[in-house]
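Below is one structure, written out as structure tokens; the observations come after it.
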Amino acid sequence: MLFAPEPLAPTLASARKVLKQYYGYDTFRPMQESIIANIMSGKDTVVLMPTGGGKSVCFQVPAVVQEGVCVVVSPLIALMKDQVEALKANGIPAEYINSSVGQSEQNSIASDCLNGYLKLLYVSPEKLVSPGFIQFLQRLRISMFAIDEAHCISSWGHDFRPEYTQLRILREQFPRVPIIALTATADRLTQRDIQQQLRMHEPQVFLSSFDRPNLNLIVRPGQNRVGSIVEFVTARPSEAGIVYCLSRKQCETLAQKLKEKGVRAGHYHAGMTPNQRASVQEAFLRDDLQVIVATIAFGMGIDKSNVRWVIHYNLPKNIEGYYQEIGRAGRDGAPATAVLYYSFADVMSLRDMLTKDADPRLSQLSLTKLERMQQFAEAASCRRKILLNYFGETLPQDCGNCDICRNPPTTFDGTELAQKALSAVVRMREKAPIGLLIDVLRGMRNQAIIQGGYEQIKTYGAGRDLPYLDWYSYIHQMLNDGLLYIAYEEGYALKITDLGKQVLQGQRQLPMKKFQPAEKAEKQPRGKKAASTAGVPTDAATQLFERLRQLRKRIADEQNVPPYVIFTDTTLQEMAAERPVTRTAMLAIGGVGMKKFENYGEVFIKAILEYGGAPNPADTEDNDEDEDGLPSATRKPRRPREAGDTHENTLQLHRAGLSIDEIAERRNLAASTIRAHIETLYAKGHAIRLEEFLSQSEYAEITTARAQLGGEPQLRDLFDHLREKYDYFKLRLAALYQKRLKG
Ligand code: ADP
Ligand code: ZN
């Protein structure tokens, strides 16, 4: 187990040390530092930050610095588990208690708390208010209460949780313990509810910008979306992503289509059993599934930091929901993409749905929100500006990382074009919905046209030269400009306004934005912001990144944790670019703290060396002064650093008859590191007692499987083919042995 570090003086300097030592980051993000200072001064604190903004660090770092245990209230079991796993992987002693934890385990966690071993204890709200638990907490030294997803307390919010309303008990029972409330929902009502219900004392409120500059925002026309999504996904074989659909049926169909193209995709919706859903979610967290096609039931509590894209198959109901869903991409800060498919048909069906609400005021509110969503989708100016504006923030300049900024629309005189459409509207006696109007303009022949006698009108076929999508875009611009409106109650018929009549009669000019097909609008990023996020990697860096990713996946499978708990994508990208091969260089990579270095540093250095090592030969000299003046990671006495080659040391101990676990224990390294040493040693021709790791019959079975797969099979395929019977270590040793036999 991990041991609680000694408490430090609660200063920003020690907070920075903790950030470097445990998280491997050099600096706090702008607001984190002020939040941490406020928390350490013992004041109540409210933190409003977007998903991925870095809320966790705000209470975790003070928890490590200060004496006692920080009790974290968190609404979802999956979320707790992920956070605790990530903390442990960084070397911070933490546990969680909820309904999924058995009694004997709870007892042992309780005794760890009483002995002061834990720095953070996560609990569900149900557990917190259950009989006896408060009494138990009263026996602990509690540094602070952190209320995660604090918006769950507000009945105004979308994630209301009745149990959260009982949390005022904390202030009543622990009047002197500071409370920190954290959420990614920033509206005024929710904020007020949080402060009142938690009985906070004049809390300092930190409202961070809701901007997520690493998200590339794209809106595409909703035609042929299945084909377009399949193309998008297959072009990104190693990027995890989520597609949101409105209906369960769509989820299943699209997931099936993707599977047919060889994509590891799964679906997720409320019609599945809890077990089915949990297993799909788990597979996604572990990178076993690349893509999840889900209804919005999916996502809350997904802490996966390497989701690279989110697609909306349908128009979301409002901007709040949209922003929350796209916020699940790129939480690690690396570039990520959000694509929204927009079709007017979606607006119509959402309208139908929303007007059915029994409460007319609510229904009016939802319709207004839908309109704002529609305006966003149809906008011809910087999309990020529109989004931030919606949340009450202003962006001083255009973002440079949305489809409009990357490829600003050109304007032209659209008067004549508009007149054709307006004239057709009038001649069709204002009875035609948008699709029919376009068909008439383009001179199509279908039943509706023949029945209405529309091929007789003067403007029939007057817009033949333009494709459907272009017309679709221009008519929408006319709607937005107020030349036309839709009579929803008359089958969505288009009607002309006074302004429209003026344009039709030539009393007014109409500038229009030229329609651009999707591919063109998604050229390489441009502008300052886009370039300053991790940037476009070189080919070599991409290849190495891919290898490091596979290594991460292998270790994650061996240790039964999600890959991003080992390292985030950002960290791997930095490794691929910098190629650190010494301890100092590795520790300088963002996200590599002491514990992670101890556990994985060696194997990753080995992979980098195998790939070709440091780009700059001077970097291979380890002029490392060793101890970095950081507080000791654990109370465990630190072993003096060994002299000599690390592989040589493992070899000596192996020759002395020690098992892998014993060597790991002796050397204070992870067993996976020692296994990697053994492989390298064996590959280099050293004498290794292979029979200790691989029996004759195991070797025979693995070799047969290799032969069945043919060629030089991927380990992953071999692993699957053998139904996960053998771990990767055995699989690799078998391959090495076979190679040796063949000479
Ligand atoms: P939130 O809880 O607000 O959604 P997280 O706490 O999960 O955000 O942080 C998002 C990502 O940013 C994580 O990968 C985290 O490790 C990283 N991060 C947080 N603080 C920093 C920092 N100061 N420097 C670099 N990365 C950071
Ligand atoms: Zn923009």
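By order of appearance in the structure tokens: chains A, B, ..., then residues from 1 within every chain, and ligands from 1 in the order shown.
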Exercise for review: Taking the chain letters and numbering used in this document, name the residues of range 22-162 of chain A that DSSP puts in strand (DSSP E), as a ChimeraX atom specification.
Suggested key: /A:45-48,69-73,94-97,120-123,142-147
Exercise for review: Can you tell me which residues come within 7 Å of ligand 2 when counting only C-alpha atoms and all ligand atoms, ideally as a ChimeraX atom specification?
Suggested key: /A:382-385,398-405
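Neighbouring residues of ligand 1 at a cut-off of 8 Å, counting only C-alpha atoms and all ligand atoms, are Leu19, Tyr23, Tyr25, Asp26, Thr27, Phe28, Arg29, Gln32, Met49, Pro50, Thr51, Gly52, Gly53, Gly54, Lys55, Ser56, Val57, Cys58, Thr183, Ala184, Asp303, Ser305, Arg331, Asp332, Gly333, Thr568, Gly590 and Gly591 of chain A.
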Residues of the last selection are to be written out with C-alpha atoms, as a PDB file, in the first residue's frame.
```
ATOM      1  CA  LEU A  19       2.275  19.232  -8.215  1.00  0.00           C
ATOM      2  CA  TYR A  23       1.524  14.898 -10.939  1.00  0.00           C
ATOM      3  CA  TYR A  25       3.467  19.178 -13.867  1.00  0.00           C
ATOM      4  CA  ASP A  26       5.674  22.237 -13.586  1.00  0.00           C
ATOM      5  CA  THR A  27       3.105  24.966 -13.122  1.00  0.00           C
ATOM      6  CA  PHE A  28      -0.451  25.451 -12.024  1.00  0.00           C
ATOM      7  CA  ARG A  29      -2.960  26.645 -14.523  1.00  0.00           C
ATOM      8  CA  GLN A  32      -5.651  26.766  -9.827  1.00  0.00           C
ATOM      9  CA  MET A  49     -14.621  25.445 -14.182  1.00  0.00           C
ATOM     10  CA  PRO A  50     -15.383  23.662 -17.434  1.00  0.00           C
ATOM     11  CA  THR A  51     -14.830  19.935 -17.755  1.00  0.00           C
ATOM     12  CA  GLY A  52     -11.139  19.345 -18.282  1.00  0.00           C
ATOM     13  CA  GLY A  53     -10.254  22.653 -16.647  1.00  0.00           C
ATOM     14  CA  GLY A  54      -8.346  20.913 -13.885  1.00  0.00           C
ATOM     15  CA  LYS A  55     -10.694  20.977 -10.915  1.00  0.00           C
ATOM     16  CA  SER A  56      -9.386  17.846  -9.237  1.00  0.00           C
ATOM     17  CA  VAL A  57      -5.916  19.263  -8.675  1.00  0.00           C
ATOM     18  CA  CYS A  58      -7.521  22.183  -6.809  1.00  0.00           C
ATOM     19  CA  THR A 183     -18.821  22.029 -10.689  1.00  0.00           C
ATOM     20  CA  ALA A 184     -18.724  22.599 -14.418  1.00  0.00           C
ATOM     21  CA  ASP A 303     -13.354  10.638 -16.814  1.00  0.00           C
ATOM     22  CA  SER A 305      -9.079  12.040 -20.756  1.00  0.00           C
ATOM     23  CA  ARG A 331      -9.878  16.765 -21.447  1.00  0.00           C
ATOM     24  CA  ASP A 332      -6.138  16.209 -21.520  1.00  0.00           C
ATOM     25  CA  GLY A 333      -5.687  19.526 -23.312  1.00  0.00           C
ATOM     26  CA  THR A 568      -2.414  10.698 -20.667  1.00  0.00           C
ATOM     27  CA  GLY A 590       4.516  16.891 -18.074  1.00  0.00           C
ATOM     28  CA  GLY A 591       2.541  14.178 -16.283  1.00  0.00           C
TER      29      GLY A 591
END
```
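Among the candidates A:Leu350, A:Val280, A:Val243, A:Met444, the one nearest to Glu325 in chain A when counting only C-alpha atoms is A:Val243.
Each of A:Thr673, A:Gln290, A:Pro237, A:Val219 was checked against Gln375 in chain A using only C-alpha atoms; the smallest atom-to-atom distance is that of A:Val219.
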**Study point:** Residues within 6 Å of range 455-464 of chain A, only C-alpha atoms, excluding chain neighbours under 2 positions, as a count of residues only
**Key:** 7
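Close contacts of range 716-723 of chain A, defined as residues with an atom at most 9 Å away when counting only C-alpha atoms, with chain neighbours fewer than 5 positions off set aside, comprise Arg554, Glu701, Ile702, Ala705, Arg706, Leu709, Tyr728 and Leu731 of chain A.
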Review point. Leaving out range 100-102 of chain A and any residue of its chain fewer than 4 positions from it, which residues lie within 12 Å of it when counting only C-alpha atoms, given as a VMD selection string?
Key: chain A and resid 76 to 78 80 to 81 95 to 96 106 to 110 122 to 124 127
Based on the selection just made, write N, CA and C atoms of those residues as a PDB file, in the first residue's frame.
```pdb
ATOM      1  N   LEU A  76     -21.006   9.540  -8.448  1.00  0.00           N
ATOM      2  CA  LEU A  76     -21.041   8.345  -9.285  1.00  0.00           C
ATOM      3  C   LEU A  76     -19.936   7.366  -8.935  1.00  0.00           C
ATOM      4  N   ILE A  77     -20.310   6.115  -8.853  1.00  0.00           N
ATOM      5  CA  ILE A  77     -19.350   5.085  -8.465  1.00  0.00           C
ATOM      6  C   ILE A  77     -18.191   5.020  -9.451  1.00  0.00           C
ATOM      7  N   ALA A  78     -18.511   5.078 -10.751  1.00  0.00           N
ATOM      8  CA  ALA A  78     -17.458   4.951 -11.756  1.00  0.00           C
ATOM      9  C   ALA A  78     -16.457   6.092 -11.640  1.00  0.00           C
ATOM     10  N   MET A  80     -15.709   7.865  -8.970  1.00  0.00           N
ATOM     11  CA  MET A  80     -14.886   7.700  -7.770  1.00  0.00           C
ATOM     12  C   MET A  80     -13.756   6.734  -8.016  1.00  0.00           C
ATOM     13  N   LYS A  81     -14.116   5.636  -8.653  1.00  0.00           N
ATOM     14  CA  LYS A  81     -13.152   4.574  -8.891  1.00  0.00           C
ATOM     15  C   LYS A  81     -12.006   5.118  -9.751  1.00  0.00           C
ATOM     16  N   GLU A  95      -8.771   6.228  -1.092  1.00  0.00           N
ATOM     17  CA  GLU A  95      -9.704   5.103  -1.196  1.00  0.00           C
ATOM     18  C   GLU A  95     -11.102   5.655  -1.414  1.00  0.00           C
ATOM     19  N   TYR A  96     -12.036   4.747  -1.747  1.00  0.00           N
ATOM     20  CA  TYR A  96     -13.424   5.179  -1.833  1.00  0.00           C
ATOM     21  C   TYR A  96     -14.335   4.191  -1.127  1.00  0.00           C
ATOM     22  N   GLN A 106     -14.415  -2.170   3.597  1.00  0.00           N
ATOM     23  CA  GLN A 106     -14.765  -0.904   4.250  1.00  0.00           C
ATOM     24  C   GLN A 106     -14.081  -0.789   5.603  1.00  0.00           C
ATOM     25  N   ASN A 107     -14.066  -1.914   6.331  1.00  0.00           N
ATOM     26  CA  ASN A 107     -13.426  -1.882   7.648  1.00  0.00           C
ATOM     27  C   ASN A 107     -11.951  -1.553   7.530  1.00  0.00           C
ATOM     28  N   SER A 108     -11.323  -2.147   6.516  1.00  0.00           N
ATOM     29  CA  SER A 108      -9.894  -1.901   6.427  1.00  0.00           C
ATOM     30  C   SER A 108      -9.612  -0.459   5.986  1.00  0.00           C
ATOM     31  N   ILE A 109     -10.491   0.072   5.131  1.00  0.00           N
ATOM     32  CA  ILE A 109     -10.339   1.478   4.746  1.00  0.00           C
ATOM     33  C   ILE A 109     -10.546   2.379   5.964  1.00  0.00           C
ATOM     34  N   ALA A 110     -11.574   2.022   6.765  1.00  0.00           N
ATOM     35  CA  ALA A 110     -11.850   2.820   7.959  1.00  0.00           C
ATOM     36  C   ALA A 110     -10.637   2.826   8.875  1.00  0.00           C
ATOM     37  N   TYR A 122     -13.007   9.155  -0.802  1.00  0.00           N
ATOM     38  CA  TYR A 122     -14.179   9.469  -1.622  1.00  0.00           C
ATOM     39  C   TYR A 122     -15.381   8.710  -1.064  1.00  0.00           C
ATOM     40  N   VAL A 123     -16.503   9.397  -0.909  1.00  0.00           N
ATOM     41  CA  VAL A 123     -17.721   8.714  -0.462  1.00  0.00           C
ATOM     42  C   VAL A 123     -18.910   9.154  -1.300  1.00  0.00           C
ATOM     43  N   SER A 124     -19.876   8.239  -1.427  1.00  0.00           N
ATOM     44  CA  SER A 124     -21.112   8.608  -2.110  1.00  0.00           C
ATOM     45  C   SER A 124     -21.972   9.380  -1.114  1.00  0.00           C
ATOM     46  N   LYS A 127     -23.828   7.117   1.301  1.00  0.00           N
ATOM     47  CA  LYS A 127     -22.998   6.567   2.370  1.00  0.00           C
ATOM     48  C   LYS A 127     -22.780   7.614   3.456  1.00  0.00           C
TER      49      LYS A 127
END
```
Review point. What lies within 12 Å of Arg328 in chain A using only C-alpha atoms, ignoring chain neighbours under 5 positions off, as a PyMOL selection string?
Key: chain A and resi 50-53+184+212+214-215+240-244+296+298-311+321-323+333+336-338
Output of the above residues as a tab-separated table (two decimals), in the first residue's frame, restricted to N, CA and C atoms:
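Below is the file part-v3.tsv, written as the result:
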```
chain	number	residue	atom	x	y	z
A	50	PRO	N	-14.85	24.63	-16.47
A	50	PRO	CA	-15.38	23.66	-17.43
A	50	PRO	C	-14.74	22.29	-17.24
A	51	THR	N	-15.39	21.28	-17.77
A	51	THR	CA	-14.83	19.94	-17.75
A	51	THR	C	-13.44	19.98	-18.39
A	52	GLY	N	-12.50	19.35	-17.74
A	52	GLY	CA	-11.14	19.34	-18.28
A	52	GLY	C	-10.33	20.56	-17.84
A	53	GLY	N	-10.95	21.45	-17.08
A	53	GLY	CA	-10.25	22.65	-16.65
A	53	GLY	C	-9.20	22.39	-15.58
A	184	ALA	N	-18.95	22.05	-13.08
A	184	ALA	CA	-18.72	22.60	-14.42
A	184	ALA	C	-19.98	23.31	-14.91
A	212	ARG	N	-12.62	26.33	-24.21
A	212	ARG	CA	-11.79	25.14	-24.38
A	212	ARG	C	-11.08	25.28	-25.73
A	214	ASN	N	-8.64	24.05	-27.15
A	214	ASN	CA	-8.14	22.89	-27.91
A	214	ASN	C	-9.23	22.17	-28.71
A	215	LEU	N	-10.48	22.54	-28.49
A	215	LEU	CA	-11.56	21.89	-29.25
A	215	LEU	C	-11.78	22.58	-30.58
A	240	ALA	N	-9.95	7.63	-29.94
A	240	ALA	CA	-11.20	7.29	-29.29
A	240	ALA	C	-12.21	8.42	-29.46
A	241	GLY	N	-13.48	8.06	-29.63
A	241	GLY	CA	-14.49	9.10	-29.78
A	241	GLY	C	-15.89	8.63	-29.42
A	242	ILE	N	-16.78	9.60	-29.29
A	242	ILE	CA	-18.18	9.32	-28.94
A	242	ILE	C	-19.08	9.93	-30.00
A	243	VAL	N	-20.07	9.14	-30.48
A	243	VAL	CA	-21.10	9.70	-31.36
A	243	VAL	C	-22.39	9.75	-30.55
A	244	TYR	N	-23.00	10.93	-30.46
A	244	TYR	CA	-24.28	11.04	-29.78
A	244	TYR	C	-25.42	11.02	-30.79
A	296	ILE	N	-27.71	10.47	-25.03
A	296	ILE	CA	-27.04	11.33	-24.06
A	296	ILE	C	-26.99	10.69	-22.67
A	298	PHE	N	-25.16	8.54	-21.97
A	298	PHE	CA	-23.77	8.18	-21.78
A	298	PHE	C	-22.89	9.41	-21.57
A	299	GLY	N	-22.02	9.34	-20.60
A	299	GLY	CA	-21.01	10.39	-20.53
A	299	GLY	C	-20.82	10.97	-19.16
A	300	MET	N	-21.90	11.20	-18.45
A	300	MET	CA	-21.76	11.76	-17.11
A	300	MET	C	-20.90	10.79	-16.31
A	301	GLY	N	-19.82	11.31	-15.78
A	301	GLY	CA	-18.97	10.44	-14.98
A	301	GLY	C	-17.92	9.73	-15.80
A	302	ILE	N	-17.83	10.06	-17.08
A	302	ILE	CA	-16.76	9.49	-17.88
A	302	ILE	C	-15.54	10.39	-17.72
A	303	ASP	N	-14.52	9.83	-17.13
A	303	ASP	CA	-13.35	10.64	-16.81
A	303	ASP	C	-12.23	10.36	-17.81
A	304	LYS	N	-12.57	9.71	-18.92
A	304	LYS	CA	-11.54	9.32	-19.88
A	304	LYS	C	-10.94	10.58	-20.51
A	305	SER	N	-9.65	10.76	-20.33
A	305	SER	CA	-9.08	12.04	-20.76
A	305	SER	C	-8.68	12.04	-22.23
A	306	ASN	N	-8.60	10.85	-22.85
A	306	ASN	CA	-8.10	10.83	-24.23
A	306	ASN	C	-9.20	10.64	-25.28
A	307	VAL	N	-10.41	11.10	-24.98
A	307	VAL	CA	-11.43	11.12	-26.02
A	307	VAL	C	-11.02	12.21	-27.02
A	308	ARG	N	-10.78	11.83	-28.28
A	308	ARG	CA	-10.21	12.79	-29.23
A	308	ARG	C	-11.28	13.51	-30.04
A	309	TRP	N	-12.49	12.96	-30.09
A	309	TRP	CA	-13.53	13.66	-30.84
A	309	TRP	C	-14.91	13.27	-30.30
A	310	VAL	N	-15.84	14.19	-30.49
A	310	VAL	CA	-17.25	13.93	-30.17
A	310	VAL	C	-18.06	14.35	-31.39
A	311	ILE	N	-18.96	13.48	-31.83
A	311	ILE	CA	-19.81	13.82	-32.97
A	311	ILE	C	-21.25	13.87	-32.49
A	321	GLY	N	-26.43	21.52	-23.11
A	321	GLY	CA	-26.20	20.10	-23.32
A	321	GLY	C	-25.07	19.86	-24.32
A	322	TYR	N	-25.13	20.62	-25.42
A	322	TYR	CA	-24.10	20.49	-26.45
A	322	TYR	C	-22.71	20.74	-25.87
A	323	TYR	N	-22.60	21.81	-25.08
A	323	TYR	CA	-21.28	22.17	-24.57
A	323	TYR	C	-20.78	21.12	-23.59
A	333	GLY	N	-6.25	18.28	-22.79
A	333	GLY	CA	-5.69	19.53	-23.31
A	333	GLY	C	-5.11	19.39	-24.71
A	336	ALA	N	-8.55	18.34	-30.04
A	336	ALA	CA	-9.68	17.43	-30.17
A	336	ALA	C	-10.72	18.09	-31.07
A	337	THR	N	-11.63	17.28	-31.59
A	337	THR	CA	-12.58	17.78	-32.57
A	337	THR	C	-14.02	17.54	-32.13
A	338	ALA	N	-14.88	18.52	-32.38
A	338	ALA	CA	-16.31	18.35	-32.13
A	338	ALA	C	-17.04	18.62	-33.44
```
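The environment of Gln281 in chain A within 9 Å, counting only C-alpha atoms and disregarding residues fewer than 4 places along the same chain, consists of Tyr268, Gln276, Arg277, Leu285, Arg286, Leu289, Ile292, Phe298 and Ile302 of chain A.
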Residues as selected, all heavy atoms, written as a PDB file, in the first residue's frame, can you do that?
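Resulting contents of out11.pdb:
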```
ATOM      1  N   TYR A 268     -24.608   2.274 -26.701  1.00  0.00           N
ATOM      2  CA  TYR A 268     -24.940   2.483 -25.296  1.00  0.00           C
ATOM      3  C   TYR A 268     -26.211   3.308 -25.222  1.00  0.00           C
ATOM      4  O   TYR A 268     -26.280   4.398 -25.792  1.00  0.00           O
ATOM      5  CB  TYR A 268     -23.779   3.254 -24.651  1.00  0.00           C
ATOM      6  CG  TYR A 268     -23.915   3.523 -23.169  1.00  0.00           C
ATOM      7  CD1 TYR A 268     -23.125   2.830 -22.257  1.00  0.00           C
ATOM      8  CD2 TYR A 268     -24.797   4.484 -22.690  1.00  0.00           C
ATOM      9  CE1 TYR A 268     -23.223   3.082 -20.901  1.00  0.00           C
ATOM     10  CE2 TYR A 268     -24.909   4.734 -21.333  1.00  0.00           C
ATOM     11  CZ  TYR A 268     -24.110   4.037 -20.445  1.00  0.00           C
ATOM     12  OH  TYR A 268     -24.205   4.294 -19.103  1.00  0.00           O
ATOM     13  N   GLN A 276     -24.947  -4.621 -19.146  1.00  0.00           N
ATOM     14  CA  GLN A 276     -24.496  -4.380 -20.522  1.00  0.00           C
ATOM     15  C   GLN A 276     -23.855  -3.001 -20.641  1.00  0.00           C
ATOM     16  O   GLN A 276     -22.803  -2.846 -21.244  1.00  0.00           O
ATOM     17  CB  GLN A 276     -25.684  -4.459 -21.489  1.00  0.00           C
ATOM     18  CG  GLN A 276     -26.201  -5.865 -21.702  1.00  0.00           C
ATOM     19  CD  GLN A 276     -27.511  -5.847 -22.493  1.00  0.00           C
ATOM     20  OE1 GLN A 276     -28.325  -4.922 -22.375  1.00  0.00           O
ATOM     21  NE2 GLN A 276     -27.727  -6.869 -23.308  1.00  0.00           N
ATOM     22  N   ARG A 277     -24.515  -2.036 -20.026  1.00  0.00           N
ATOM     23  CA  ARG A 277     -23.990  -0.672 -20.134  1.00  0.00           C
ATOM     24  C   ARG A 277     -22.635  -0.564 -19.459  1.00  0.00           C
ATOM     25  O   ARG A 277     -21.701   0.024 -20.004  1.00  0.00           O
ATOM     26  CB  ARG A 277     -24.975   0.322 -19.509  1.00  0.00           C
ATOM     27  CG  ARG A 277     -26.034   0.740 -20.502  1.00  0.00           C
ATOM     28  CD  ARG A 277     -26.947   1.775 -19.924  1.00  0.00           C
ATOM     29  NE  ARG A 277     -27.868   1.164 -18.984  1.00  0.00           N
ATOM     30  CZ  ARG A 277     -28.586   1.843 -18.097  1.00  0.00           C
ATOM     31  NH1 ARG A 277     -28.472   3.149 -18.032  1.00  0.00           N
ATOM     32  NH2 ARG A 277     -29.415   1.220 -17.292  1.00  0.00           N
ATOM     33  N   LEU A 285     -13.373   2.751 -21.701  1.00  0.00           N
ATOM     34  CA  LEU A 285     -12.354   3.338 -20.832  1.00  0.00           C
ATOM     35  C   LEU A 285     -11.008   2.682 -21.070  1.00  0.00           C
ATOM     36  O   LEU A 285      -9.971   3.311 -20.981  1.00  0.00           O
ATOM     37  CB  LEU A 285     -12.738   3.169 -19.360  1.00  0.00           C
ATOM     38  CG  LEU A 285     -13.940   3.980 -18.885  1.00  0.00           C
ATOM     39  CD1 LEU A 285     -14.173   3.776 -17.401  1.00  0.00           C
ATOM     40  CD2 LEU A 285     -13.723   5.455 -19.173  1.00  0.00           C
ATOM     41  N   ARG A 286     -11.055   1.390 -21.358  1.00  0.00           N
ATOM     42  CA  ARG A 286      -9.797   0.655 -21.519  1.00  0.00           C
ATOM     43  C   ARG A 286      -9.270   0.666 -22.936  1.00  0.00           C
ATOM     44  O   ARG A 286      -8.374  -0.108 -23.258  1.00  0.00           O
ATOM     45  CB  ARG A 286     -10.010  -0.781 -21.076  1.00  0.00           C
ATOM     46  CG  ARG A 286     -10.170  -0.791 -19.593  1.00  0.00           C
ATOM     47  CD  ARG A 286     -10.429  -2.121 -19.021  1.00  0.00           C
ATOM     48  NE  ARG A 286     -10.647  -1.882 -17.618  1.00  0.00           N
ATOM     49  CZ  ARG A 286      -9.944  -2.395 -16.645  1.00  0.00           C
ATOM     50  NH1 ARG A 286      -8.991  -3.240 -16.930  1.00  0.00           N
ATOM     51  NH2 ARG A 286     -10.182  -2.093 -15.401  1.00  0.00           N
ATOM     52  N   LEU A 289     -12.731  -0.657 -26.833  1.00  0.00           N
ATOM     53  CA  LEU A 289     -13.633  -0.122 -27.847  1.00  0.00           C
ATOM     54  C   LEU A 289     -13.102   1.250 -28.226  1.00  0.00           C
ATOM     55  O   LEU A 289     -12.767   2.055 -27.351  1.00  0.00           O
ATOM     56  CB  LEU A 289     -15.054   0.020 -27.293  1.00  0.00           C
ATOM     57  CG  LEU A 289     -15.889  -1.252 -27.181  1.00  0.00           C
ATOM     58  CD1 LEU A 289     -17.254  -0.917 -26.613  1.00  0.00           C
ATOM     59  CD2 LEU A 289     -16.024  -1.930 -28.527  1.00  0.00           C
ATOM     60  N   ILE A 292     -17.894   4.771 -29.126  1.00  0.00           N
ATOM     61  CA  ILE A 292     -19.185   4.487 -28.505  1.00  0.00           C
ATOM     62  C   ILE A 292     -20.233   5.315 -29.242  1.00  0.00           C
ATOM     63  O   ILE A 292     -20.048   6.513 -29.417  1.00  0.00           O
ATOM     64  CB  ILE A 292     -19.200   4.924 -27.034  1.00  0.00           C
ATOM     65  CG1 ILE A 292     -18.222   4.112 -26.207  1.00  0.00           C
ATOM     66  CG2 ILE A 292     -20.598   4.807 -26.451  1.00  0.00           C
ATOM     67  CD1 ILE A 292     -18.728   2.757 -25.834  1.00  0.00           C
ATOM     68  N   PHE A 298     -25.163   8.544 -21.969  1.00  0.00           N
ATOM     69  CA  PHE A 298     -23.769   8.184 -21.776  1.00  0.00           C
ATOM     70  C   PHE A 298     -22.892   9.414 -21.566  1.00  0.00           C
ATOM     71  O   PHE A 298     -23.019  10.399 -22.269  1.00  0.00           O
ATOM     72  CB  PHE A 298     -23.265   7.446 -23.023  1.00  0.00           C
ATOM     73  CG  PHE A 298     -21.826   7.023 -22.942  1.00  0.00           C
ATOM     74  CD1 PHE A 298     -21.482   5.891 -22.215  1.00  0.00           C
ATOM     75  CD2 PHE A 298     -20.842   7.739 -23.575  1.00  0.00           C
ATOM     76  CE1 PHE A 298     -20.166   5.488 -22.136  1.00  0.00           C
ATOM     77  CE2 PHE A 298     -19.510   7.346 -23.503  1.00  0.00           C
ATOM     78  CZ  PHE A 298     -19.175   6.216 -22.782  1.00  0.00           C
ATOM     79  N   ILE A 302     -17.835  10.059 -17.079  1.00  0.00           N
ATOM     80  CA  ILE A 302     -16.762   9.494 -17.884  1.00  0.00           C
ATOM     81  C   ILE A 302     -15.541  10.388 -17.721  1.00  0.00           C
ATOM     82  O   ILE A 302     -15.554  11.536 -18.116  1.00  0.00           O
ATOM     83  CB  ILE A 302     -17.164   9.438 -19.372  1.00  0.00           C
ATOM     84  CG1 ILE A 302     -18.268   8.448 -19.567  1.00  0.00           C
ATOM     85  CG2 ILE A 302     -15.971   9.058 -20.234  1.00  0.00           C
ATOM     86  CD1 ILE A 302     -17.880   7.035 -19.326  1.00  0.00           C
TER      87      ILE A 302
END
```
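Between CA of Leu484 in chain A and CA of Gly500 in chain A the interatomic distance comes to 6.3 Å.
Closest to Ile142 in chain A among A:Gly68, A:Leu469, A:Pro162, A:Pro175 is A:Gly68, based on only C-alpha atoms.
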Check your understanding: Using the chain letters and numbers from this document, which residues of range 226-424 of chain A does DSSP assign to helix (DSSP H, G or I), as a ChimeraX atom specification?
Key -> /A:226-234,248-260,274-285,319-326,344-355,360-378,383-390,403-406,415-424
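Note that the spacing between CA of Tyr611 in chain A and CA of Leu548 in chain A amounts to 9.9 Å.
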